[in-house]
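First the structure, in the form of structure tokens, and then the observations on it.
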Amino acid sequence: MADTSQLISGVAERYASSLFDLALEAGAVESVGSDLDAFQRMIDDSADLKRLIVSPVFSADDQFKAISAIVAKAGITGLVGNFLKVVARNRRLFAVPGIVKSYREIAARHRGEVSAEVTSAHALTAAQQTELKAALKGVTGKDVAVNVTVDPSILGGLIVKVGSRQIDTSLRTKLSSLKLALKEVG
């Protein structure tokens, strides 16, 4: 059985790379990134949209019509609006979250930054994000673009992924380690 995450990753990287090339040519790298982030927030906030994207039950035509209506209603036009319609027409909507992530990474590399995926138990304030960026810059030696995801299940602390390195200071992980240590003692 094929590894679907690797398949999605490959599709996402190719689409993100193509979109980045178009955005660079149009001088719209930042605005395309903002539109993609807005669409990703819509996916995160709507179970119905998430189902539309991942379910193979919907035909390409159904997905195309739905995405066309959604981007029109959300005011996502131009390059990203057309791009999402092409992705829907090609039945690749399942890869959109990966495309957004890959686009962020490509754009960060273009700006000379590294990107960090941060998972927090609650939303970080602007001051906390600035402090985190400064700390990560000290470690990596480069400017860091931070993408924060909120996951209350980690209870507290942070999980930070920069490239292939991961730092997990979450309370959930510490409690799991403590639970395991107590089982070994008893």
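Ordering of the structure tokens sets the chain letters (A, B, ...), residue numbers begin anew at 1 in every chain, and ligands are numbered from 1 in the order given.
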
Note to self: Give me the residues near Leu158 in chain A as a VMD selection string, where near means some atom within 7 Å (using only C-alpha atoms) and where sequence neighbours in that chain fewer than 5 positions away do not count.
What the structure shows: chain A and resid 118 to 120 168 to 170

Writer output for current selection, C-alpha atoms, as an mmCIF file, in the first residue's frame:
```
data_model
loop_
_atom_site.group_PDB
_atom_site.id
_atom_site.type_symbol
_atom_site.label_atom_id
_atom_site.label_comp_id
_atom_site.auth_asym_id
_atom_site.auth_seq_id
_atom_site.Cartn_x
_atom_site.Cartn_y
_atom_site.Cartn_z
ATOM 1 C CA VAL A 118 4.629 25.993 16.342
ATOM 2 C CA THR A 119 1.844 24.213 18.222
ATOM 3 C CA SER A 120 0.586 25.951 21.330
ATOM 4 C CA ASP A 168 8.551 19.374 22.446
ATOM 5 C CA THR A 169 8.021 21.159 25.759
ATOM 6 C CA SER A 170 4.323 20.356 25.911
#
```

Notebook entry, point to check: Tell me, which residues of chain A carry DSSP alpha helix (DSSP H), written as a PyMOL selection string?
Noted result: chain A and resi 4-26+29-45+47-54+60-74+78-89+96-110+126-140+171-185

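The space between CA of Asp45 in chain A and CA of Ala108 in chain A spans 25.0 Å.
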
Check: Hey, what's within 6 Å of range 111-115 of chain A if we count only C-alpha atoms and toss same-chain stuff fewer than 3 positions away? As a ChimeraX atom specification, please?
Finding: /A:105,108,142-146

Next item on the list: Find the distance between CA of Gly157 in chain A and CA of Leu171 in chain A and write it in Å to one decimal.
Entry: 5.9 Å

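The smallest atom-to-atom distance between Gly33 in chain A and any of A:Ala135, A:Leu52, A:Val87, A:Ala107, using only C-alpha atoms, is found for A:Ala107.
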
Margin query: Going by DSSP on the backbone, which residues of range 2-184 of chain A come out as strand (DSSP E)? List them as a count of residues only.
Written below: 25

Restrict the calculation to only C-alpha atoms, then for each residue of range 63-161 of chain A with any atom at most 12 Å from an atom of range 34-43 of chain A give the closest atom pair and their distance in Å to one decimal, rows by chain and rising residue number, as JSON lines.
```
{"residue": "A:Ile67", "atom": "CA", "partner": "A:Phe39", "partner_atom": "CA", "distance": 10.5}
{"residue": "A:Ile70", "atom": "CA", "partner": "A:Phe39", "partner_atom": "CA", "distance": 9.4}
{"residue": "A:Val71", "atom": "CA", "partner": "A:Phe39", "partner_atom": "CA", "distance": 8.3}
{"residue": "A:Ala72", "atom": "CA", "partner": "A:Phe39", "partner_atom": "CA", "distance": 11.7}
{"residue": "A:Lys73", "atom": "CA", "partner": "A:Phe39", "partner_atom": "CA", "distance": 11.6}
{"residue": "A:Ala74", "atom": "CA", "partner": "A:Phe39", "partner_atom": "CA", "distance": 8.5}
{"residue": "A:Gly75", "atom": "CA", "partner": "A:Asp35", "partner_atom": "CA", "distance": 9.2}
{"residue": "A:Ile76", "atom": "CA", "partner": "A:Asp35", "partner_atom": "CA", "distance": 6.4}
{"residue": "A:Thr77", "atom": "CA", "partner": "A:Asp35", "partner_atom": "CA", "distance": 8.7}
{"residue": "A:Gly78", "atom": "CA", "partner": "A:Asp35", "partner_atom": "CA", "distance": 9.8}
{"residue": "A:Leu79", "atom": "CA", "partner": "A:Asp35", "partner_atom": "CA", "distance": 9.3}
{"residue": "A:Val80", "atom": "CA", "partner": "A:Asp35", "partner_atom": "CA", "distance": 6.6}
{"residue": "A:Gly81", "atom": "CA", "partner": "A:Asp35", "partner_atom": "CA", "distance": 8.6}
{"residue": "A:Asn82", "atom": "CA", "partner": "A:Asp35", "partner_atom": "CA", "distance": 11.7}
{"residue": "A:Phe83", "atom": "CA", "partner": "A:Leu36", "partner_atom": "CA", "distance": 10.1}
{"residue": "A:Leu84", "atom": "CA", "partner": "A:Leu36", "partner_atom": "CA", "distance": 9.4}
{"residue": "A:Leu93", "atom": "CA", "partner": "A:Ile43", "partner_atom": "CA", "distance": 11.1}
{"residue": "A:Phe94", "atom": "CA", "partner": "A:Ile43", "partner_atom": "CA", "distance": 11.2}
{"residue": "A:Ala95", "atom": "CA", "partner": "A:Gln40", "partner_atom": "CA", "distance": 11.5}
{"residue": "A:Val96", "atom": "CA", "partner": "A:Gln40", "partner_atom": "CA", "distance": 8.1}
{"residue": "A:Pro97", "atom": "CA", "partner": "A:Gln40", "partner_atom": "CA", "distance": 6.7}
{"residue": "A:Gly98", "atom": "CA", "partner": "A:Gln40", "partner_atom": "CA", "distance": 10.0}
{"residue": "A:Ile99", "atom": "CA", "partner": "A:Leu36", "partner_atom": "CA", "distance": 8.9}
{"residue": "A:Val100", "atom": "CA", "partner": "A:Leu36", "partner_atom": "CA", "distance": 6.1}
{"residue": "A:Lys101", "atom": "CA", "partner": "A:Asp37", "partner_atom": "CA", "distance": 9.2}
{"residue": "A:Ser102", "atom": "CA", "partner": "A:Leu36", "partner_atom": "CA", "distance": 11.0}
{"residue": "A:Tyr103", "atom": "CA", "partner": "A:Leu36", "partner_atom": "CA", "distance": 8.6}
{"residue": "A:Arg104", "atom": "CA", "partner": "A:Asp37", "partner_atom": "CA", "distance": 9.0}
{"residue": "A:Ala107", "atom": "CA", "partner": "A:Ser34", "partner_atom": "CA", "distance": 11.4}
{"residue": "A:Asn147", "atom": "CA", "partner": "A:Asp37", "partner_atom": "CA", "distance": 10.1}
{"residue": "A:Val148", "atom": "CA", "partner": "A:Asp37", "partner_atom": "CA", "distance": 11.7}
{"residue": "A:Thr149", "atom": "CA", "partner": "A:Arg41", "partner_atom": "CA", "distance": 10.6}
{"residue": "A:Val150", "atom": "CA", "partner": "A:Arg41", "partner_atom": "CA", "distance": 11.9}
```

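Counting only C-alpha atoms and comparing A:Lys50, A:Lys85, A:Arg14, A:Lys183, the residue that lies closest to Ser68 in chain A is A:Lys85.
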
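Comparing A:His122, A:Arg51, A:Arg172, A:Arg89 by their smallest distance to Gln63 in chain A, the closest is A:Arg89 (using only C-alpha atoms).
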
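Our summary of the geometry notes that CA of Gln166 in chain A is positioned 28.9 Å from CA of Ala47 in chain A.
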
Check: With only C-alpha atoms as the basis for distance, which of A:Ala66, A:Val86, A:Leu132, A:Arg91 is at the shortest distance from Val54 in chain A?
Finding: A:Arg91

Check: With only C-alpha atoms as the basis for distance, which of A:Ile106, A:Arg165, A:Val160, A:Leu22 is at the shortest distance from Lys133 in chain A?
Finding: A:Val160

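Comparing A:Leu180, A:Leu124, A:Leu24, A:Ala16 by their smallest distance to Gly156 in chain A, the closest is A:Leu124 (using only C-alpha atoms).
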